[in-house]
Structure formats: structure tokens, C-alpha cells
$ cat work.txt   # compact mmCIF, C-alpha atoms and all ligand atoms
# COMPACT_ATOMS: atom_id res chain seq x y z
CA MET A 185 22.23 -20.62 7.63
CA SER A 186 20.44 -17.81 9.45
CA ILE A 187 17.46 -16.42 7.60
CA ILE A 188 17.99 -13.07 9.38
CA SER A 189 21.23 -11.85 10.87
CA VAL A 190 21.62 -8.56 12.72
CA GLU A 191 25.09 -7.47 13.76
CA ASN A 192 25.96 -4.53 15.99
CA LEU A 193 22.93 -2.60 14.78
CA SER A 194 22.48 0.98 15.92
CA VAL A 195 19.68 3.21 14.65
CA LYS A 196 19.41 6.96 15.11
CA LEU A 197 16.17 8.81 14.50
CA HIS A 198 16.46 12.60 14.19
CA GLY A 199 19.86 12.49 15.87
CA VAL A 200 18.72 10.37 18.83
CA VAL A 201 20.04 6.83 19.23
CA VAL A 202 16.97 4.62 19.66
CA LEU A 203 18.74 1.28 19.26
CA SER A 204 22.32 0.52 20.07
CA ASP A 205 24.56 -2.42 19.37
CA VAL A 206 21.88 -5.05 18.77
CA SER A 207 23.08 -8.45 17.50
CA PHE A 208 21.13 -11.68 17.01
CA LYS A 209 20.45 -14.38 14.44
CA VAL A 210 17.19 -16.04 13.46
CA ALA A 211 17.17 -19.57 12.04
CA GLU A 212 14.75 -20.59 9.31
CA GLY A 213 11.40 -21.64 10.82
CA GLU A 214 11.97 -19.96 14.19
CA TYR A 215 9.26 -17.93 15.92
CA ILE A 216 10.67 -14.92 17.74
CA GLY A 217 8.58 -12.84 20.16
CA ILE A 218 9.90 -9.26 20.39
CA VAL A 219 8.92 -7.61 23.66
CA GLY A 220 9.91 -4.53 25.66
CA PRO A 221 8.38 -1.36 27.11
CA ASN A 222 6.86 1.49 25.08
CA GLY A 223 9.49 3.32 23.10
CA SER A 224 12.09 0.58 23.55
CA GLY A 225 12.75 0.33 19.80
CA LYS A 226 10.73 -2.77 18.82
CA SER A 227 9.08 -1.21 15.76
CA THR A 228 12.35 0.50 14.87
CA LEU A 229 14.13 -2.86 14.95
CA VAL A 230 11.70 -4.56 12.58
CA ARG A 231 11.63 -1.49 10.34
CA ALA A 232 15.44 -1.52 10.18
CA ILE A 233 15.37 -5.21 9.21
CA LEU A 234 12.90 -4.36 6.44
CA GLY A 235 15.06 -1.48 5.18
CA LEU A 236 12.52 1.11 6.36
CA ALA A 237 14.70 2.79 9.02
CA ASP A 238 18.19 4.13 8.35
CA ILE A 239 20.91 2.05 9.92
CA HIS A 240 23.47 4.22 11.66
CA VAL A 241 25.98 1.45 12.37
CA GLY A 242 25.92 -2.31 11.84
CA LYS A 243 24.82 -4.92 9.36
CA VAL A 244 21.59 -6.70 8.53
CA GLN A 245 21.47 -9.74 6.27
CA ILE A 246 18.34 -11.43 4.99
CA MET A 247 18.57 -14.91 3.49
CA GLY A 248 22.34 -14.53 3.37
CA GLN A 249 22.29 -11.24 1.48
CA PRO A 250 23.20 -7.79 2.78
CA LEU A 251 20.08 -5.66 3.07
CA ARG A 252 21.12 -3.32 0.26
CA HIS A 253 21.34 -6.26 -2.20
CA PHE A 254 18.21 -8.05 -1.03
CA ALA A 255 15.45 -7.64 -3.61
CA GLN A 256 12.97 -10.48 -2.97
CA TRP A 257 10.68 -8.49 -0.74
CA TYR A 258 7.69 -10.63 -1.72
CA ARG A 259 9.33 -13.37 0.40
CA ILE A 260 8.62 -11.25 3.48
CA GLY A 261 5.10 -10.47 4.67
CA TYR A 262 4.82 -7.38 6.86
CA LEU A 263 1.92 -6.36 9.05
CA PRO A 264 2.74 -2.83 10.28
CA GLN A 265 1.77 -1.59 13.71
CA SER A 266 -1.15 0.56 12.74
CA THR A 267 -3.51 -0.81 10.14
CA VAL A 268 -6.46 1.36 11.09
CA VAL A 269 -8.14 2.53 7.92
CA ALA A 270 -8.61 6.23 8.59
CA ASN A 271 -10.92 6.87 5.66
CA LYS A 272 -14.01 4.78 6.43
CA SER A 273 -15.28 5.15 2.88
CA PHE A 274 -11.97 4.23 1.22
CA PRO A 275 -13.17 2.65 -2.02
CA ALA A 276 -11.50 -0.78 -1.85
CA SER A 277 -12.93 -4.18 -1.08
CA VAL A 278 -11.30 -6.70 1.23
CA ALA A 279 -10.27 -8.84 -1.76
CA GLU A 280 -8.68 -5.83 -3.49
CA VAL A 281 -6.68 -4.88 -0.38
CA VAL A 282 -5.40 -8.45 0.00
CA ALA A 283 -4.52 -8.63 -3.72
CA THR A 284 -2.12 -5.67 -3.30
CA GLY A 285 0.04 -8.11 -1.30
CA LEU A 286 0.73 -9.95 -4.56
CA LEU A 287 2.01 -6.95 -6.49
CA GLY A 288 5.56 -7.07 -5.07
CA SER A 289 6.29 -10.33 -6.88
CA LYS A 290 4.98 -9.12 -10.24
CA LYS A 291 6.70 -7.48 -13.14
CA PHE A 292 5.06 -4.62 -15.02
CA PRO A 293 2.29 -4.47 -16.04
CA ARG A 294 1.12 -5.47 -12.56
CA LYS A 295 -2.22 -7.09 -13.27
CA VAL A 296 -4.32 -9.17 -10.91
CA ARG A 297 -5.18 -12.37 -12.78
CA ARG A 298 -7.60 -15.22 -12.11
CA LYS A 299 -4.93 -17.29 -10.37
CA ASP A 300 -4.27 -14.31 -8.08
CA ARG A 301 -7.96 -13.98 -7.24
CA GLU A 302 -8.03 -17.67 -6.33
CA LYS A 303 -4.98 -17.20 -4.10
CA VAL A 304 -6.70 -14.24 -2.39
CA MET A 305 -9.83 -16.33 -1.71
CA GLU A 306 -7.75 -19.26 -0.47
CA THR A 307 -5.91 -16.97 1.98
CA LEU A 308 -9.14 -15.34 3.18
CA SER A 309 -10.66 -18.82 3.73
CA MET A 310 -7.62 -19.90 5.72
CA LEU A 311 -8.22 -16.94 8.05
CA GLY A 312 -11.96 -17.61 8.23
CA ILE A 313 -13.02 -14.38 6.49
CA ALA A 314 -13.83 -15.49 2.94
CA ASP A 315 -17.40 -14.23 3.40
CA LEU A 316 -16.05 -10.67 3.80
CA HIS A 317 -14.31 -10.53 0.42
CA LEU A 318 -16.67 -7.98 -1.12
CA GLU A 319 -16.96 -5.78 1.99
CA GLN A 320 -15.52 -2.29 1.93
CA ILE A 321 -12.33 -2.27 4.01
CA GLY A 322 -13.28 0.78 6.10
CA LYS A 323 -16.49 -0.84 7.31
CA LEU A 324 -14.83 -3.72 9.16
CA SER A 325 -14.27 -4.12 12.90
CA GLY A 326 -10.72 -3.93 14.33
CA GLY A 327 -10.42 -7.73 14.53
CA GLN A 328 -11.75 -8.25 11.02
CA SER A 329 -9.47 -5.66 9.46
CA GLN A 330 -6.49 -7.08 11.37
CA ARG A 331 -7.19 -10.46 9.73
CA VAL A 332 -7.46 -8.78 6.33
CA PHE A 333 -4.04 -7.16 6.76
CA LEU A 334 -2.62 -10.48 7.94
CA ALA A 335 -4.08 -12.00 4.76
CA ARG A 336 -2.38 -9.25 2.75
CA ALA A 337 0.96 -10.08 4.44
CA MET A 338 0.48 -13.83 3.78
CA VAL A 339 -0.96 -13.91 0.29
CA SER A 340 2.37 -14.06 -1.57
CA ASP A 341 3.27 -17.12 0.51
CA PRO A 342 6.29 -15.43 2.11
CA ASP A 343 9.00 -17.30 4.01
CA ILE A 344 9.15 -14.69 6.76
CA LEU A 345 6.26 -12.96 8.52
CA VAL A 346 7.00 -9.74 10.39
CA LEU A 347 4.03 -8.75 12.54
CA ASP A 348 4.10 -5.55 14.59
CA GLU A 349 1.60 -5.72 17.47
CA PRO A 350 -0.98 -7.65 15.44
CA THR A 351 -3.21 -8.31 18.45
CA ALA A 352 -3.31 -4.79 19.91
CA ALA A 353 -6.93 -4.12 18.93
CA LEU A 354 -8.31 -7.56 19.64
CA ASP A 355 -10.52 -8.90 22.41
CA PRO A 356 -9.05 -11.81 24.41
CA VAL A 357 -10.88 -14.56 22.46
CA THR A 358 -10.03 -13.13 19.04
CA ARG A 359 -6.48 -12.56 20.27
CA GLU A 360 -6.05 -16.24 21.17
CA SER A 361 -7.42 -17.33 17.79
CA PHE A 362 -5.02 -14.91 16.09
CA TYR A 363 -2.11 -16.47 17.99
CA GLU A 364 -3.34 -19.94 16.98
CA ILE A 365 -3.39 -18.92 13.29
CA ILE A 366 0.16 -17.58 13.50
CA ALA A 367 1.32 -20.68 15.39
CA SER A 368 -0.09 -22.85 12.61
CA LEU A 369 1.62 -20.74 9.92
CA ASN A 370 4.87 -21.30 11.80
CA ARG A 371 4.40 -24.96 12.72
CA ASP A 372 2.51 -26.34 9.73
CA HIS A 373 3.72 -24.05 6.95
CA GLY A 374 7.30 -23.47 8.13
CA LYS A 375 7.09 -19.67 8.20
CA THR A 376 9.72 -17.82 10.16
CA VAL A 377 7.87 -15.38 12.44
CA LEU A 378 9.01 -12.14 14.06
CA LEU A 379 6.16 -10.84 16.21
CA VAL A 380 6.26 -7.62 18.21
CA THR A 381 3.91 -7.68 21.19
CA HIS A 382 3.03 -6.40 24.63
CA ASP A 383 1.41 -9.77 25.41
CA SER A 384 4.47 -10.84 27.37
CA SER A 385 2.52 -13.41 29.39
CA ILE A 386 1.00 -15.05 26.28
CA ILE A 387 3.87 -15.04 23.81
CA GLY A 388 5.85 -17.60 25.84
CA ARG A 389 3.25 -20.23 24.95
CA TYR A 390 3.80 -19.70 21.24
CA ALA A 391 7.25 -18.33 20.39
CA ASP A 392 10.48 -20.35 20.41
CA LYS A 393 12.55 -17.41 21.58
CA MET A 394 12.10 -14.09 23.24
CA LEU A 395 13.96 -10.96 22.22
CA TYR A 396 13.67 -8.35 24.99
CA LEU A 397 14.61 -4.84 23.93
CA ASP A 398 15.14 -1.71 25.91
CA ARG A 399 16.94 0.37 23.29
CA ARG A 400 19.54 -2.37 23.49
CA LEU A 401 19.26 -6.13 23.55
CA VAL A 402 18.47 -7.11 27.13
CA PHE A 403 17.76 -10.78 26.40
CA PHE A 404 17.68 -13.12 23.43
CA GLY A 405 17.09 -16.81 23.98
CA ASN A 406 14.42 -19.35 24.73
CA PHE A 407 11.83 -18.86 27.45
CA LYS A 408 13.25 -21.60 29.64
CA GLU A 409 16.63 -19.81 29.68
CA PHE A 410 14.87 -16.53 30.40
CA CYS A 411 12.84 -17.97 33.28
CA MET A 412 15.86 -19.69 34.83
CA SER A 413 18.20 -16.72 34.44
CA SER A 414 19.26 -15.04 37.66
CA ASP A 415 20.55 -12.10 35.57
CA MET A 416 16.99 -11.62 34.32
CA SER A 417 15.58 -11.93 37.87
CA ASN A 418 17.98 -9.18 38.86
CA TYR A 419 17.06 -7.07 35.84
CA PHE A 420 13.28 -7.42 36.06
CA GLY A 421 12.73 -8.44 39.66
CA GLU A 422 11.35 -11.89 40.37
CA PHE A 423 7.73 -10.73 40.27
CA THR A 424 7.90 -9.42 36.68
CA GLN A 425 9.95 -12.40 35.57
CA HIS A 426 7.28 -14.65 37.06
CA LEU A 427 4.52 -12.74 35.21
CA ILE A 428 6.30 -13.33 31.91
CA CYS A 429 7.01 -16.97 32.75
CA HIS A 430 3.98 -18.25 34.61
CA GLN A 431 1.88 -19.17 31.58
CA HIS A 432 4.66 -20.89 29.77
N1 LIG A 501 10.08 8.86 13.10
C1 LIG A 501 10.61 9.04 14.30
N2 LIG A 501 11.33 10.15 14.59
C2 LIG A 501 11.89 10.34 15.79
N3 LIG A 501 11.79 9.47 16.81
C3 LIG A 501 11.07 8.37 16.61
C4 LIG A 501 10.45 8.09 15.34
N4 LIG A 501 9.82 6.89 15.45
C5 LIG A 501 10.04 6.46 16.71
N5 LIG A 501 10.79 7.34 17.39
C6 LIG A 501 11.27 7.20 18.77
O1 LIG A 501 12.10 6.06 18.80
C7 LIG A 501 11.90 5.34 20.00
C8 LIG A 501 11.56 3.91 19.67
O2 LIG A 501 10.30 3.87 19.06
P1 LIG A 501 9.61 2.52 18.60
O3 LIG A 501 8.31 2.88 17.94
O4 LIG A 501 10.58 1.72 17.84
O5 LIG A 501 9.33 1.82 20.00
P2 LIG A 501 8.39 0.59 20.35
O6 LIG A 501 9.16 -0.26 21.29
O7 LIG A 501 7.89 -0.06 19.10
O8 LIG A 501 7.21 1.31 21.14
P3 LIG A 501 5.67 0.90 21.40
O9 LIG A 501 5.67 -0.30 22.29
O10 LIG A 501 5.14 2.11 22.08
O11 LIG A 501 5.03 0.66 20.06
C9 LIG A 501 10.81 6.06 20.76
O12 LIG A 501 11.42 6.88 21.74
C10 LIG A 501 10.14 6.93 19.73
O13 LIG A 501 9.67 8.12 20.32
$ encode --input "work.txt" --output "C-alpha cells" --more "lines below"
Ligand SMILES: Nc1ncnc2c1ncn2[C@@H]1O[C@H](COP(=O)(O)OP(=O)(O)OP(=O)(O)O)[C@@H](O)[C@H]1O
Amino acid sequence: MSIISVENLSVKLHGVVVLSDVSFKVAEGEYIGIVGPNGSGKSTLVRAILGLADIHVGKVQIMGQPLRHFAQWYRIGYLPQSTVVANKSFPASVAEVVATGLLGSKKFPRKVRRKDREKVMETLSMLGIADLHLEQIGKLSGGQSQRVFLARAMVSDPDILVLDEPTAALDPVTRESFYEIIASLNRDHGKTVLLVTHDSSIIGRYADKMLYLDRRLVFFGNFKEFCMSSDMSNYFGEFTQHLICHQH
């Protein structure tokens, strides 16, 4: 069974069609790299899957259920595109921010208990930032806060991770280690991963499949198929296709 299924999806924002007729299926445990130029609808696609953008036409199913009936949102961890903390003196510690990722699976009253605090520390340790747990969130560097928001997305032990440009603010070394963490979550912990990125020359080393968007689905398949496809050479030109493929 597909863990995510998207059928003939079209999304309009303020009367403008930003995605049209997109269809694809994701199997449990797959790692999908979503790429495409600025404004091609990548964030809109993941937001539509998460029920955050209005679907104009089409169907989305998660874990076999139509989006409107799906209620187990704690089984999906989401790292939105912009996680910059605008208010540098926002009064929350790293551990408190990560703990909010557990609230979706709780019934009222939503209290953070000892077991939850242990889970938070375990997740922070896994990402190598346990020593930051008491730091104020606004005081962290871009790379540190990106890890904290990844921890927040992971802490409820979700089956699916949806990560929107998680490496945008990272230096090349931190970026590689971020990709290694996500690869391990996929490979060793069986998480299904949807990752939006502009790192088109890196993602081929990590993802199973590439989904190339340009307001419609230009390509969906594995990297080998992409690199061998003469349709894609015609679409991108051989030079660009080579840039995407050469590190794979
Ligand atoms: N709330 C909104 N209202 C109107 N138009 C929007 C809104 N959000 C996005 N758009 C438009 O929808 C299109 C797709 O945007 P989206 O953010 O999904 O693209 P993207 O591929 O994620 O871009 P980027 O790589 O720059 O992050 C863009 O043309 C954008 O201007």
C-alpha cells in the first residue's frame, strides 16, 4: 500500500493555478527528493499533502485514508521552510520547543510529563545537540536551530518526515551531516522522507526517487531513470542533466 497517494492534484492560490494535474505514489520507507526552480510549487505540494493548502481538484490519501478523514497528524513530522525565530528573545528553551512536537498525540489536558522530557532529551542526543537543551531558542545559530526544528518534527516518532528546504541555511559541512542524519532516519529507522531542496546535485546520493516539479510533474522516478532519460535530456539540456546526475 502507498503511504501517500496524490491523484490529479491541482492547487489554486488567490485564483492562480500553481500546481496542475500532479499524480504520484510514495511507498512506505521511500525517500523522495522534491526539486524544481523557485516558485515551481514544491512548498505548495507538501502543504497540500499536509492539508495546509486548499486543493482545487484531485485527491490526496495518507496511509490509505482520504485527507479529510486523516486525523493521526502526530504520525507525520513537518519541518516548514522558514524556521527562523524572528523574536530573538522569545522566552522558550530548546527542550520546550522540541516538546511542542509531542502535543499533537496528546489528549487534553496536554501536559509534558517525565517520559516526554526523556523522549525530548533522547531526540536531542540523536541529533548531537543535547547540550543545548536549556538554551533560549532565539540565541542559536541557523544550523543549530535547524536541528532543533528537526528534533521537534521527529520527537513523536512519526512514520513520515516532510522537510521543506531543511539545509537552506547550512554551511556545506553541516549540510552533509544533516543529510547523513536524514539518511539514517530513513535507512535505520524506516521513516518515509519527503524532502524539498535546491541541492539537486546532492540529493541524488541520498534519495531513492526524484520528483521534479515545474507547476506540473516533470519527472517522478529513480535517479538512474532520470539520468538515462532522453526526454529529460531534451527538457533540461544535457549539461543540466549532467549537473544533477554527476554526483550520483
Ligand atoms: N499564499 C500565497 N498566495 C498566493 N500565491 C502564492 C502563495 N504562496 C505561494 N504562492 C505562489 O505559488 C507559487 C508556488 O510557490 P511555492 O512556494 O510552492 O514554490 P517553491 O517551488 O516552493 O519555491 P521556492 O523554491 O522559491 O521555495 C509561486 O509562484 C508563489 O509566488
$ residues_near_ligand --input "work.txt" --ligand "ligand LIG 501 (chain A)" --cutoff "10 Å" --atoms "all atoms listed in the file" --output "PyMOL selection string"
chain A and resi 195-203+218-232+237+265-266+348-349+352+380-382+396-399
$ residues_around --input "work.txt" --residues "stretch 361-364 of chain A" --least-positions-apart "2" --cutoff "10 Å" --atoms "all atoms listed in the file" --output "MDAnalysis selection string"
chainID A and resid 311 327 330:331 334 350:351 354 356:359 366:370 386:387 389:391
$ atom_distance --input "work.txt" --atom1 "atom CA of A:Val304" --atom2 "atom CA of A:Gly374"
19.8 Å
$ atom_distance --input "work.txt" --atom1 "atom CA of A:Thr424" --atom2 "atom CA of A:Phe403"
14.3 Å
$ atom_distance --input "work.txt" --atom1 "atom CA of A:Gln256" --atom2 "atom CA of A:Pro342"
9.7 Å
$ closest_residue --input "work.txt" --among "A:Ser277, A:Ser207, A:Ser414, A:Ser189" --to "A:Leu318" --atoms "all atoms listed in the file"
A:Ser277
$ closest_residue --input "work.txt" --among "A:Val281, A:Val210, A:Ile365, A:Met247" --to "A:Phe404" --atoms "only C-alpha atoms"
A:Val210
